>>> print(open('protein-v5.txt').read())   # compact mmCIF, C-alpha atoms
# COMPACT_ATOMS: atom_id res chain seq x y z
CA MET A 1 -33.67 80.30 140.66
CA PHE A 2 -35.22 82.46 137.93
CA ALA A 3 -35.04 79.50 135.58
CA ALA A 4 -37.05 77.46 138.07
CA ILE A 5 -39.66 80.16 138.61
CA ILE A 6 -40.09 81.01 134.94
CA SER A 7 -40.14 77.44 133.68
CA LEU A 8 -42.67 76.29 136.26
CA ALA A 9 -44.86 79.35 135.68
CA LEU A 10 -44.75 78.81 131.92
CA LEU A 11 -45.55 75.13 132.42
CA GLY A 12 -48.54 76.05 134.54
CA PHE A 13 -49.79 78.61 132.03
CA ALA A 14 -49.36 76.19 129.13
CA LEU A 15 -51.23 73.38 130.88
CA GLY A 16 -53.96 75.78 132.00
CA TYR A 17 -54.37 77.07 128.47
CA LEU A 18 -54.57 73.55 127.03
CA LEU A 19 -57.16 72.57 129.65
CA GLY A 20 -59.17 75.68 128.86
CA VAL A 21 -59.21 74.82 125.16
CA ALA A 22 -60.12 71.23 125.95
CA ALA A 23 -62.96 72.40 128.22
CA ILE A 24 -64.49 74.38 125.34
CA HIS A 25 -64.24 71.48 122.92
CA LEU A 26 -65.44 68.82 125.35
CA ARG A 27 -68.29 70.76 126.91
CA VAL A 28 -71.39 68.70 127.63
CA LYS A 29 -74.64 70.56 127.10
CA GLU A 30 -77.47 69.50 129.37
CA PRO A 31 -80.81 70.49 127.92
CA GLU A 32 -82.71 72.90 130.16
CA ILE A 33 -85.75 70.65 130.30
CA ILE A 34 -83.76 68.03 132.22
CA GLN A 35 -82.84 70.54 134.90
CA GLU A 36 -86.44 71.74 135.16
CA LEU A 37 -87.75 68.18 135.47
CA GLU A 38 -85.12 67.41 138.08
CA ALA A 39 -86.28 70.40 140.09
CA LEU A 40 -89.82 68.99 140.11
CA LEU A 41 -88.76 65.54 141.35
CA PRO A 42 -88.36 64.99 145.11
CA GLY A 43 -84.57 64.85 144.90
CA THR A 44 -84.23 62.09 147.46
CA ASN A 45 -82.62 59.66 144.97
CA CYS A 46 -84.64 56.81 146.44
CA GLY A 47 -84.50 54.73 143.26
CA GLN A 48 -88.12 53.55 143.29
CA CYS A 49 -88.50 54.60 139.66
CA GLY A 50 -85.83 52.09 138.67
CA PHE A 51 -83.28 54.74 137.73
CA PRO A 52 -80.19 55.52 139.78
CA GLY A 53 -81.42 58.71 141.39
CA CYS A 54 -83.57 61.66 140.40
CA PRO A 55 -81.16 63.14 137.78
CA ALA A 56 -81.23 59.87 135.85
CA GLY A 57 -85.01 59.74 136.19
CA ALA A 58 -85.30 63.30 134.87
CA ARG A 59 -83.11 62.38 131.89
CA ALA A 60 -85.28 59.35 131.12
CA LEU A 61 -88.38 61.54 131.34
CA ALA A 62 -86.91 64.06 128.93
CA GLU A 63 -85.96 61.31 126.49
CA GLY A 64 -89.45 59.90 126.72
CA THR A 65 -88.27 56.49 127.90
CA ALA A 66 -90.06 56.79 131.24
CA PRO A 67 -93.74 57.53 131.91
CA VAL A 68 -94.66 60.65 133.88
CA THR A 69 -96.05 58.34 136.54
CA LEU A 70 -92.62 56.99 137.36
CA CYS A 71 -92.21 58.55 140.79
CA PRO A 72 -94.17 56.74 143.55
CA PRO A 73 -93.29 59.23 146.34
CA GLY A 74 -94.40 62.13 144.14
CA GLY A 75 -97.82 60.60 143.60
CA LYS A 76 -100.57 62.10 141.53
CA PRO A 77 -99.72 65.81 141.90
CA LEU A 78 -96.16 65.23 140.66
CA ALA A 79 -97.36 63.12 137.73
CA ALA A 80 -99.77 65.90 136.78
CA ALA A 81 -97.03 68.53 137.04
CA LEU A 82 -94.63 66.44 134.97
CA ALA A 83 -97.29 65.84 132.32
CA ALA A 84 -97.97 69.58 132.17
CA LYS A 85 -94.27 70.37 131.88
CA LEU A 86 -93.71 67.82 129.13
CA GLY A 87 -96.97 68.66 127.41
CA VAL A 88 -98.14 65.07 127.24
CA GLU A 89 -101.46 63.48 128.04
CA ALA A 90 -101.14 61.10 130.95
CA ASP A 91 -103.53 58.54 132.29
CA LEU A 92 -103.59 59.42 135.96
CA SER A 93 -106.57 57.25 136.85
CA GLU A 94 -104.38 54.32 137.86
CA LEU A 95 -102.54 56.34 140.46
CA ASP A 96 -104.08 55.94 143.85
CA ASP A 97 -105.79 58.93 145.33
CA GLY A 98 -105.60 59.95 148.88
CA PRO A 99 -102.69 61.15 150.92
CA ALA A 100 -99.22 59.90 150.04
CA PRO A 101 -97.92 57.17 152.34
CA VAL A 102 -95.41 58.32 154.92
CA ALA A 103 -93.18 56.42 157.30
CA GLN A 104 -94.36 55.90 160.85
CA VAL A 105 -92.35 54.54 163.75
CA ILE A 106 -94.04 51.72 165.65
CA GLU A 107 -93.16 52.91 169.10
CA ALA A 108 -93.51 49.51 170.74
CA LEU A 109 -90.75 48.14 168.51
CA CYS A 110 -88.35 51.09 168.25
CA ILE A 111 -85.13 50.47 170.17
CA GLY A 112 -83.59 53.84 169.42
CA CYS A 113 -80.73 52.54 167.30
CA THR A 114 -80.60 55.72 165.12
CA ARG A 115 -80.12 53.72 161.93
CA CYS A 116 -83.28 54.98 160.24
CA PHE A 117 -82.58 58.66 160.53
CA LYS A 118 -79.07 58.20 159.20
CA VAL A 119 -80.44 56.85 155.91
CA CYS A 120 -83.33 59.31 155.62
CA PRO A 121 -82.60 61.53 152.61
CA THR A 122 -84.91 64.31 153.78
CA ASP A 123 -83.99 64.26 157.50
CA ALA A 124 -87.64 63.49 158.24
CA ILE A 125 -86.85 61.13 161.13
CA VAL A 126 -85.84 62.66 164.42
CA GLY A 127 -84.57 61.11 167.60
CA ALA A 128 -81.52 60.37 169.67
CA PRO A 129 -79.66 57.18 170.64
CA LYS A 130 -81.77 54.94 172.87
CA GLN A 131 -84.78 57.26 172.50
CA ILE A 132 -87.86 56.36 170.54
CA HIS A 133 -87.67 57.99 167.12
CA GLY A 134 -90.41 59.89 165.39
CA VAL A 135 -91.22 60.88 161.82
CA VAL A 136 -91.95 64.42 160.73
CA SER A 137 -94.60 63.45 158.24
CA ASP A 138 -94.52 66.80 156.45
CA ALA A 139 -90.91 66.14 155.46
CA CYS A 140 -91.30 62.42 154.67
CA THR A 141 -91.54 61.53 150.99
CA GLY A 142 -92.34 57.86 151.57
CA CYS A 143 -89.16 56.69 149.85
CA LYS A 144 -89.00 53.47 151.93
CA LYS A 145 -85.26 53.72 152.56
CA CYS A 146 -85.78 53.42 156.32
CA LEU A 147 -87.98 50.32 156.09
CA GLY A 148 -85.23 47.86 155.26
CA ILE A 149 -82.62 49.22 157.67
CA CYS A 150 -84.70 48.91 160.85
CA PRO A 151 -83.42 45.89 162.83
CA THR A 152 -86.76 45.39 164.59
CA MET A 153 -88.97 46.11 161.57
CA GLY A 154 -90.33 48.99 163.60
CA ILE A 155 -91.16 51.34 160.73
CA LYS A 156 -94.15 51.05 158.48
CA LEU A 157 -95.69 53.16 155.76
CA THR A 158 -99.11 54.57 156.56
CA ARG A 159 -101.48 56.97 154.90
CA LEU A 160 -102.22 59.76 157.28
CA GLN A 161 -105.81 60.83 156.73
CA PRO A 162 -106.08 64.59 157.13
CA ASN A 163 -107.85 65.53 160.33
CA LEU A 164 -109.33 68.85 161.31
CA ALA A 165 -105.97 70.05 162.59
CA THR A 166 -104.03 69.30 159.40
CA TRP A 167 -106.62 69.79 156.67
CA GLN A 168 -106.34 72.86 154.50
CA TRP A 169 -108.52 74.33 151.82
CA PRO A 170 -107.22 73.54 148.38
CA LYS A 171 -105.34 76.45 146.91
CA PRO A 172 -107.44 78.71 144.73
CA ALA A 173 -106.41 77.81 141.24
CA ASP A 174 -107.16 79.77 138.12
CA ALA A 175 -109.10 77.37 135.94
CA ASN A 176 -107.60 78.76 132.74
CA SER A 177 -103.96 78.53 133.70
CA GLN A 178 -104.26 75.11 135.31
CA PRO A 179 -103.97 72.02 133.16
CA GLU A 180 -106.94 69.69 133.22
CA SER A 181 -105.10 67.02 135.13
CA GLN A 182 -104.37 69.37 137.97
CA GLN A 183 -107.99 70.48 137.94
CA ALA A 184 -108.95 66.87 138.52
CA VAL A 185 -106.66 66.69 141.51
CA ARG A 186 -108.29 69.78 142.95
CA ASP A 187 -111.75 68.33 142.58
CA ASP A 188 -110.56 65.21 144.35
CA ASP A 189 -109.24 67.31 147.19
CA VAL A 190 -112.56 69.06 147.57
CA GLU A 191 -114.36 65.73 147.63
CA ALA A 192 -111.95 64.37 150.22
CA ALA A 193 -112.57 67.44 152.33
CA ARG A 194 -116.33 66.95 152.09
CA ASP A 195 -116.01 63.32 153.15
CA MET A 196 -113.96 64.35 156.09
CA MET A 197 -116.38 66.98 157.21
CA GLU A 198 -119.12 64.38 157.21
CA VAL A 199 -116.98 62.07 159.29
CA ALA A 200 -116.32 64.89 161.72
CA ARG A 201 -120.02 65.51 162.06
CA MET B 202 -39.39 43.87 120.15
CA THR B 203 -38.83 41.09 122.67
CA GLU B 204 -37.27 43.64 124.96
CA TYR B 205 -40.42 45.80 124.89
CA LEU B 206 -42.69 42.81 125.40
CA LEU B 207 -40.63 41.77 128.40
CA LEU B 208 -40.81 45.33 129.73
CA ILE B 209 -44.61 45.33 129.61
CA LEU B 210 -44.84 41.82 131.06
CA GLY B 211 -42.31 42.68 133.75
CA THR B 212 -44.12 45.83 134.89
CA ALA B 213 -47.61 44.32 134.61
CA LEU B 214 -46.93 41.05 136.42
CA VAL B 215 -43.51 40.69 138.02
CA ASN B 216 -43.27 44.21 139.42
CA ASN B 217 -47.01 44.75 139.67
CA VAL B 218 -47.56 48.29 140.81
CA VAL B 219 -50.29 47.43 143.33
CA LEU B 220 -49.53 43.99 144.69
CA VAL B 221 -45.73 44.02 144.61
CA LYS B 222 -44.83 47.69 144.97
CA PHE B 223 -47.94 48.54 147.00
CA LEU B 224 -48.65 51.78 145.17
CA GLY B 225 -52.18 52.97 144.45
CA LEU B 226 -53.89 51.04 147.23
CA CYS B 227 -56.66 53.62 147.68
CA PRO B 228 -58.54 52.88 144.45
CA PHE B 229 -57.58 49.22 144.83
CA MET B 230 -59.66 48.99 148.00
CA GLY B 231 -62.09 51.77 147.25
CA VAL B 232 -63.41 51.12 143.74
CA SER B 233 -63.16 47.33 143.64
CA GLY B 234 -66.66 46.65 144.96
CA LYS B 235 -68.21 46.17 141.54
CA LEU B 236 -66.67 44.71 138.39
CA ASP B 237 -67.99 47.45 136.06
CA THR B 238 -66.64 50.26 138.20
CA ALA B 239 -63.30 48.51 138.66
CA LEU B 240 -62.96 48.07 134.91
CA GLY B 241 -63.85 51.72 134.31
CA MET B 242 -61.39 52.87 136.97
CA GLY B 243 -58.72 50.61 135.46
CA MET B 244 -59.29 52.07 132.02
CA ALA B 245 -59.28 55.68 133.26
CA THR B 246 -56.09 55.05 135.24
CA THR B 247 -54.50 53.31 132.24
CA PHE B 248 -55.16 56.40 130.14
CA VAL B 249 -53.83 58.77 132.79
CA LEU B 250 -50.81 56.65 133.72
CA THR B 251 -49.64 56.16 130.14
CA LEU B 252 -50.12 59.81 129.24
CA ALA B 253 -48.57 61.02 132.51
CA ALA B 254 -45.52 58.75 132.06
CA ALA B 255 -44.90 60.16 128.59
CA ALA B 256 -45.57 63.76 129.65
CA SER B 257 -43.34 63.56 132.70
CA TRP B 258 -40.56 62.10 130.54
CA ALA B 259 -40.88 65.14 128.29
CA ILE B 260 -40.83 67.49 131.29
CA GLU B 261 -37.73 65.78 132.69
CA GLU B 262 -35.85 65.79 129.39
CA LEU B 263 -36.88 69.19 128.06
CA ILE B 264 -37.17 71.33 131.17
CA LEU B 265 -35.80 69.81 134.38
CA ALA B 266 -32.57 68.21 133.12
CA PRO B 267 -31.35 71.03 130.79
CA LEU B 268 -32.02 73.73 133.38
CA GLY B 269 -30.62 71.65 136.23
CA ILE B 270 -33.74 72.08 138.39
CA GLY B 271 -34.26 68.44 139.27
CA PHE B 272 -35.41 69.49 142.75
CA LEU B 273 -38.69 70.61 141.19
CA ARG B 274 -39.33 67.13 139.84
CA ILE B 275 -42.16 66.07 142.18
CA LEU B 276 -43.84 69.48 141.98
CA SER B 277 -43.85 69.64 138.20
CA PHE B 278 -44.86 66.00 137.82
CA ILE B 279 -47.85 66.55 140.10
CA LEU B 280 -48.77 69.56 138.00
CA VAL B 281 -48.70 67.51 134.82
CA ILE B 282 -50.59 64.61 136.39
CA ALA B 283 -53.29 66.93 137.70
CA ALA B 284 -53.69 68.44 134.25
CA VAL B 285 -53.91 65.01 132.60
CA VAL B 286 -56.51 63.91 135.15
CA GLN B 287 -58.60 67.02 134.53
CA PHE B 288 -58.44 66.29 130.83
CA THR B 289 -59.45 62.66 131.38
CA GLU B 290 -62.37 63.79 133.52
CA MET B 291 -63.64 66.02 130.74
CA LEU B 292 -63.16 63.26 128.20
CA VAL B 293 -65.01 60.67 130.30
CA LYS B 294 -67.83 63.13 131.02
CA LYS B 295 -68.20 63.75 127.31
CA THR B 296 -67.92 60.17 126.09
CA SER B 297 -69.51 58.12 128.87
CA PRO B 298 -71.75 59.93 131.39
CA VAL B 299 -72.64 56.60 133.01
CA LEU B 300 -68.99 55.82 133.73
CA TYR B 301 -68.59 59.40 134.95
CA GLN B 302 -71.34 58.87 137.51
CA LEU B 303 -70.04 55.44 138.51
CA LEU B 304 -66.49 56.62 139.14
CA GLY B 305 -67.73 59.64 141.06
CA ILE B 306 -65.19 61.05 143.46
CA PHE B 307 -62.54 58.53 142.46
CA LEU B 308 -61.94 60.11 139.07
CA PRO B 309 -60.36 63.32 140.39
CA LEU B 310 -58.65 61.18 143.01
CA ILE B 311 -56.48 59.61 140.30
CA THR B 312 -54.42 62.78 140.80
CA THR B 313 -53.39 61.52 144.20
CA ASN B 314 -53.04 57.91 143.09
CA CYS B 315 -49.43 57.43 144.09
CA ALA B 316 -49.01 54.78 141.39
CA VAL B 317 -49.12 57.55 138.77
CA LEU B 318 -46.46 59.69 140.45
CA GLY B 319 -44.52 56.59 141.45
CA VAL B 320 -44.23 55.33 137.88
CA ALA B 321 -43.18 58.77 136.63
CA LEU B 322 -40.46 58.98 139.29
CA LEU B 323 -39.30 55.39 138.71
CA ASN B 324 -38.93 56.20 135.03
CA VAL B 325 -36.52 58.99 135.88
CA GLN B 326 -34.70 56.84 138.41
CA GLU B 327 -34.11 54.07 135.88
CA GLY B 328 -33.18 56.51 133.11
CA ASN B 329 -35.76 55.17 130.69
CA GLY B 330 -36.05 56.60 127.17
CA PHE B 331 -39.32 57.87 125.69
CA VAL B 332 -40.60 54.55 124.32
CA GLN B 333 -39.47 52.74 127.43
CA SER B 334 -41.19 55.29 129.67
CA LEU B 335 -44.39 54.99 127.66
CA LEU B 336 -44.31 51.19 127.83
CA TYR B 337 -43.37 51.25 131.50
CA GLY B 338 -46.41 53.43 132.19
CA MET B 339 -48.66 51.30 130.03
CA GLY B 340 -47.41 48.05 131.54
CA SER B 341 -47.93 49.34 135.06
CA ALA B 342 -51.39 50.56 134.16
CA LEU B 343 -52.31 47.24 132.58
CA GLY B 344 -51.08 45.49 135.70
CA PHE B 345 -53.18 47.89 137.80
CA SER B 346 -56.29 47.22 135.68
CA LEU B 347 -55.69 43.47 135.78
CA VAL B 348 -55.43 43.47 139.56
CA MET B 349 -58.48 45.72 139.89
CA VAL B 350 -60.57 43.37 137.77
CA ILE B 351 -59.35 40.24 139.55
CA PHE B 352 -59.94 41.79 142.96
CA ALA B 353 -63.38 43.13 142.02
CA GLY B 354 -64.38 39.70 140.74
CA LEU B 355 -63.22 38.12 143.98
CA ARG B 356 -65.07 40.69 146.08
CA GLU B 357 -68.28 40.19 144.13
CA ARG B 358 -68.11 36.50 145.02
CA LEU B 359 -67.19 37.29 148.60
CA GLU B 360 -70.56 39.05 148.89
CA TYR B 361 -72.22 35.66 148.61
CA ALA B 362 -69.66 33.72 150.63
CA ASP B 363 -70.35 32.60 154.16
CA VAL B 364 -67.80 34.81 155.90
CA PRO B 365 -67.53 34.78 159.71
CA ASP B 366 -69.12 37.88 161.18
CA ALA B 367 -65.86 39.24 162.52
CA PHE B 368 -64.34 39.17 159.02
CA ALA B 369 -67.34 40.28 156.99
CA GLY B 370 -66.90 43.30 154.74
CA THR B 371 -63.59 45.13 154.61
CA PRO B 372 -61.51 42.77 156.80
CA ILE B 373 -61.98 39.80 154.51
CA ALA B 374 -61.19 42.07 151.55
CA PHE B 375 -57.86 42.93 153.17
CA VAL B 376 -57.14 39.25 153.79
CA VAL B 377 -57.91 38.47 150.15
CA ALA B 378 -55.70 41.35 149.02
CA GLY B 379 -52.85 39.90 151.07
CA LEU B 380 -53.29 36.44 149.56
CA LEU B 381 -53.49 37.95 146.08
CA SER B 382 -50.28 39.86 146.75
CA MET B 383 -48.51 36.66 147.80
CA ALA B 384 -49.72 35.00 144.62
CA PHE B 385 -48.25 37.84 142.57
CA MET B 386 -44.95 37.54 144.44
CA GLY B 387 -44.77 34.16 142.73
CA PHE B 388 -44.15 35.93 139.42
CA ALA B 389 -40.75 36.97 140.80
CA GLY B 390 -39.61 33.55 139.56
CA LEU B 391 -40.09 34.84 135.99
CA PRO B 392 -37.07 36.60 134.51
CA ALA B 393 -37.56 40.30 135.25
CA HIS B 394 -36.86 42.78 132.50
>>> encode(input="protein-v5.txt", output="structure tokens")
Amino acid sequence: MFAAIISLALLGFALGYLLGVAAIHLRVKEPEIIQELEALLPGTNCGQCGFPGCPAGARALAEGTAPVTLCPPGGKPLAAALAAKLGVEADLSELDDGPAPVAQVIEALCIGCTRCFKVCPTDAIVGAPKQIHGVVSDACTGCKKCLGICPTMGIKLTRLQPNLATWQWPKPADANSQPESQQAVRDDDVEAARDMMEVAR
Amino acid sequence: MTEYLLLILGTALVNNVVLVKFLGLCPFMGVSGKLDTALGMGMATTFVLTLAAAASWAIEELILAPLGIGFLRILSFILVIAAVVQFTEMLVKKTSPVLYQLLGIFLPLITTNCAVLGVALLNVQEGNGFVQSLLYGMGSALGFSLVMVIFAGLRERLEYADVPDAFAGTPIAFVVAGLLSMAFMGFAGLPAH
């Protein structure tokens, strides 16, 4: 019995030691910048950038093989943040302004099949079987995953214009610490707000 | 030399570990959706199976048999296989991150691939020597990879085939696996090693 216990224990220790040595020699170092970029991305792995998921997109960004404008759901603010993080100049003029598109359930077509909220990576769609579903637009990143799965084509992407209930003042930003690109975004926000006030009047 | 060649051929085709002995069916159904992944899984399993067959031979000869503790065979073999799989995982992560992402959960699952344990136990049962054990493991693994690649290729074409609704997806894959198994039974006509 002692032979069994000792031999198996020794075997375990030996294998553990070898694995430990191998782990040191085969360690893969991920540069910190990749993790930081990944934290900025939405993390929904929607694949619209053409890379398999946000980690792969972050890696491509760090290697410089992808433009900072790669992420459609992130829109202009994300592109500005990525450009600031990477310290590159980016041409943000081609990105469309305005609110990011979010999914919206067409209530006349929804049959309550629950398929869309099963694929939603941010749990932005709520509902129950045989009940009309709804989208929590604050949580929706516009990743389009739900569009294809709907059997009645009852989901569309819309741009929700801010109304008086949802509009907020732009955050006070310190002009010195903010990169120029972000400054531009802020100015746009202010202009959008002005437009809206006129409409309200 | 001929003997060794026959051993590899016999384990890869005649006694194919998946389609004739029905070991390792989990990765056979699970990772055979895409050709690249199937090839990667086949290669990773080949590495593990060959190494595990040799390592378990050493365990049997150096520890279990001399001490007369054959009842610990399965336990110690699993231990060795788990260690080899961990090592393979580190190696794949280091050398090919893409393959590491593709294989995903199935890489650690090689530990519970019963083909690996099955081959190690069969080696003991048949009293194979070191070279024979190594070749037996390698032959089985090559057979496994071959079947994985064939099956993945078939399934990729099945995606575009006009399959009746009731059979679409996994059911037709099972039917194909059965037909493939019957085809491999035909190799029994070859002289086994």
>>> interface_residues(input="protein-v5.txt", of="chain A", to="chain B", cutoff="9 Å", atoms="only C-alpha atoms", output="PDB file with C-alpha atoms, in the coordinates of the input")
ATOM      1  CA  MET A   1     -33.670  80.300 140.660  1.00  0.00           C
ATOM      2  CA  ALA A   3     -35.040  79.500 135.580  1.00  0.00           C
ATOM      3  CA  ALA A   4     -37.050  77.460 138.070  1.00  0.00           C
ATOM      4  CA  SER A   7     -40.140  77.440 133.680  1.00  0.00           C
ATOM      5  CA  LEU A   8     -42.670  76.290 136.260  1.00  0.00           C
ATOM      6  CA  LEU A  11     -45.550  75.130 132.420  1.00  0.00           C
ATOM      7  CA  GLY A  12     -48.540  76.050 134.540  1.00  0.00           C
ATOM      8  CA  LEU A  15     -51.230  73.380 130.880  1.00  0.00           C
ATOM      9  CA  GLY A  16     -53.960  75.780 132.000  1.00  0.00           C
ATOM     10  CA  LEU A  18     -54.570  73.550 127.030  1.00  0.00           C
ATOM     11  CA  LEU A  19     -57.160  72.570 129.650  1.00  0.00           C
ATOM     12  CA  ALA A  22     -60.120  71.230 125.950  1.00  0.00           C
ATOM     13  CA  ALA A  23     -62.960  72.400 128.220  1.00  0.00           C
ATOM     14  CA  LEU A  26     -65.440  68.820 125.350  1.00  0.00           C
ATOM     15  CA  ARG A  27     -68.290  70.760 126.910  1.00  0.00           C
ATOM     16  CA  VAL A  28     -71.390  68.700 127.630  1.00  0.00           C
TER      17      VAL A  28
END
>>> atom_distance(input="protein-v5.txt", atom1="CA of Val218 in chain B", atom2="CA of Val320 in chain B")
8.3 Å
>>> residues_around(input="protein-v5.txt", residues="Ile111 in chain A", least_positions_apart="6", cutoff="8 Å", atoms="all atoms listed in the file", output="ChimeraX atom specification")
/A:130-132,152
>>> residues_near_point(input="protein-v5.txt", point="(-86.2, 55.4, 144.8)", cutoff="10 Å", atoms="only C-alpha atoms", output="ChimeraX atom specification")
/A:42-54,57,70-73,142-145
>>> residues_around(input="protein-v5.txt", residues="range 120-126 of chain A", least_positions_apart="2", cutoff="8 Å", atoms="only C-alpha atoms", output="list in words")
Thr44, Asn45, Cys116, Phe117, Lys118, Ala128, His133, Gly134, Val135, Val136, Ser137, Asp138, Ala139, Cys140, Thr141, Lys145 and Cys146 of chain A
>>> write_last_selection(input="protein-v5.txt", atoms="C-alpha atoms", output="PDB file, keeping the file's coordinate frame")
ATOM      1  CA  THR A  44     -84.230  62.090 147.460  1.00  0.00           C
ATOM      2  CA  ASN A  45     -82.620  59.660 144.970  1.00  0.00           C
ATOM      3  CA  CYS A 116     -83.280  54.980 160.240  1.00  0.00           C
ATOM      4  CA  PHE A 117     -82.580  58.660 160.530  1.00  0.00           C
ATOM      5  CA  LYS A 118     -79.070  58.200 159.200  1.00  0.00           C
ATOM      6  CA  ALA A 128     -81.520  60.370 169.670  1.00  0.00           C
ATOM      7  CA  HIS A 133     -87.670  57.990 167.120  1.00  0.00           C
ATOM      8  CA  GLY A 134     -90.410  59.890 165.390  1.00  0.00           C
ATOM      9  CA  VAL A 135     -91.220  60.880 161.820  1.00  0.00           C
ATOM     10  CA  VAL A 136     -91.950  64.420 160.730  1.00  0.00           C
ATOM     11  CA  SER A 137     -94.600  63.450 158.240  1.00  0.00           C
ATOM     12  CA  ASP A 138     -94.520  66.800 156.450  1.00  0.00           C
ATOM     13  CA  ALA A 139     -90.910  66.140 155.460  1.00  0.00           C
ATOM     14  CA  CYS A 140     -91.300  62.420 154.670  1.00  0.00           C
ATOM     15  CA  THR A 141     -91.540  61.530 150.990  1.00  0.00           C
ATOM     16  CA  LYS A 145     -85.260  53.720 152.560  1.00  0.00           C
ATOM     17  CA  CYS A 146     -85.780  53.420 156.320  1.00  0.00           C
TER      18      CYS A 146
END
>>> closest_residue(input="protein-v5.txt", among="B:Met202, B:Ile351, B:Leu322, B:Val317", to="Gly234 in chain B", atoms="all atoms listed in the file")
B:Ile351
>>> atom_distance(input="protein-v5.txt", atom1="CA of Leu323 in chain B", atom2="CA of Ala342 in chain B")
13.8 Å
>>> residues_around(input="protein-v5.txt", residues="Gly354 in chain B", least_positions_apart="5", cutoff="10 Å", atoms="only C-alpha atoms", output="list in words")
Ser233, Gly234, Lys235, Leu236, Asp237, Ala239, Val348, Met349 and Leu359 of chain B
>>> write_last_selection(input="protein-v5.txt", atoms="C-alpha atoms", output="PDB file, in the frame of the given file")
ATOM      1  CA  SER B 233     -63.160  47.330 143.640  1.00  0.00           C
ATOM      2  CA  GLY B 234     -66.660  46.650 144.960  1.00  0.00           C
ATOM      3  CA  LYS B 235     -68.210  46.170 141.540  1.00  0.00           C
ATOM      4  CA  LEU B 236     -66.670  44.710 138.390  1.00  0.00           C
ATOM      5  CA  ASP B 237     -67.990  47.450 136.060  1.00  0.00           C
ATOM      6  CA  ALA B 239     -63.300  48.510 138.660  1.00  0.00           C
ATOM      7  CA  VAL B 348     -55.430  43.470 139.560  1.00  0.00           C
ATOM      8  CA  MET B 349     -58.480  45.720 139.890  1.00  0.00           C
ATOM      9  CA  LEU B 359     -67.190  37.290 148.600  1.00  0.00           C
TER      10      LEU B 359
END
>>> residues_near_point(input="protein-v5.txt", point="(-95.6, 51.0, 165.6)", cutoff="12 Å", atoms="only C-alpha atoms", output="list in words")
Ala103, Gln104, Val105, Ile106, Glu107, Ala108, Leu109, Cys110, Ile111, Ile132, His133, Gly134, Val135, Thr152, Met153, Gly154, Ile155, Lys156, Leu157 and Thr158 of chain A
>>> write_last_selection(input="protein-v5.txt", atoms="C-alpha atoms", output="PDB file, in the coordinates of the input")
ATOM      1  CA  ALA A 103     -93.180  56.420 157.300  1.00  0.00           C
ATOM      2  CA  GLN A 104     -94.360  55.900 160.850  1.00  0.00           C
ATOM      3  CA  VAL A 105     -92.350  54.540 163.750  1.00  0.00           C
ATOM      4  CA  ILE A 106     -94.040  51.720 165.650  1.00  0.00           C
ATOM      5  CA  GLU A 107     -93.160  52.910 169.100  1.00  0.00           C
ATOM      6  CA  ALA A 108     -93.510  49.510 170.740  1.00  0.00           C
ATOM      7  CA  LEU A 109     -90.750  48.140 168.510  1.00  0.00           C
ATOM      8  CA  CYS A 110     -88.350  51.090 168.250  1.00  0.00           C
ATOM      9  CA  ILE A 111     -85.130  50.470 170.170  1.00  0.00           C
ATOM     10  CA  ILE A 132     -87.860  56.360 170.540  1.00  0.00           C
ATOM     11  CA  HIS A 133     -87.670  57.990 167.120  1.00  0.00           C
ATOM     12  CA  GLY A 134     -90.410  59.890 165.390  1.00  0.00           C
ATOM     13  CA  VAL A 135     -91.220  60.880 161.820  1.00  0.00           C
ATOM     14  CA  THR A 152     -86.760  45.390 164.590  1.00  0.00           C
ATOM     15  CA  MET A 153     -88.970  46.110 161.570  1.00  0.00           C
ATOM     16  CA  GLY A 154     -90.330  48.990 163.600  1.00  0.00           C
ATOM     17  CA  ILE A 155     -91.160  51.340 160.730  1.00  0.00           C
ATOM     18  CA  LYS A 156     -94.150  51.050 158.480  1.00  0.00           C
ATOM     19  CA  LEU A 157     -95.690  53.160 155.760  1.00  0.00           C
ATOM     20  CA  THR A 158     -99.110  54.570 156.560  1.00  0.00           C
TER      21      THR A 158
END
>>> atom_distance(input="protein-v5.txt", atom1="CA of Leu347 in chain B", atom2="CA of Ile282 in chain B")
21.8 Å
>>> decode(input="protein-v5.txt", residues="range 374-392 of chain B", atoms="C-alpha atoms", output="PDB file, in the first residue's frame")
ATOM      1  CA  ALA B 374     -24.037  13.991 -39.552  1.00  0.00           C
ATOM      2  CA  PHE B 375     -24.791  10.885 -37.487  1.00  0.00           C
ATOM      3  CA  VAL B 376     -26.087   9.074 -40.561  1.00  0.00           C
ATOM      4  CA  VAL B 377     -22.919   9.985 -42.452  1.00  0.00           C
ATOM      5  CA  ALA B 378     -20.788   8.836 -39.523  1.00  0.00           C
ATOM      6  CA  GLY B 379     -22.560   5.483 -39.610  1.00  0.00           C
ATOM      7  CA  LEU B 380     -21.980   5.078 -43.348  1.00  0.00           C
ATOM      8  CA  LEU B 381     -18.340   6.085 -42.918  1.00  0.00           C
ATOM      9  CA  SER B 382     -17.977   3.503 -40.164  1.00  0.00           C
ATOM     10  CA  MET B 383     -19.383   0.789 -42.421  1.00  0.00           C
ATOM     11  CA  ALA B 384     -16.933   1.815 -45.119  1.00  0.00           C
ATOM     12  CA  PHE B 385     -14.067   1.458 -42.655  1.00  0.00           C
ATOM     13  CA  MET B 386     -15.328  -1.977 -41.611  1.00  0.00           C
ATOM     14  CA  GLY B 387     -14.422  -2.927 -45.166  1.00  0.00           C
ATOM     15  CA  PHE B 388     -10.746  -2.638 -44.242  1.00  0.00           C
ATOM     16  CA  ALA B 389     -11.220  -5.730 -42.063  1.00  0.00           C
ATOM     17  CA  GLY B 390     -10.601  -7.660 -45.288  1.00  0.00           C
ATOM     18  CA  LEU B 391      -6.978  -6.438 -45.167  1.00  0.00           C
ATOM     19  CA  PRO B 392      -4.616  -8.643 -43.166  1.00  0.00           C
TER      20      PRO B 392
END
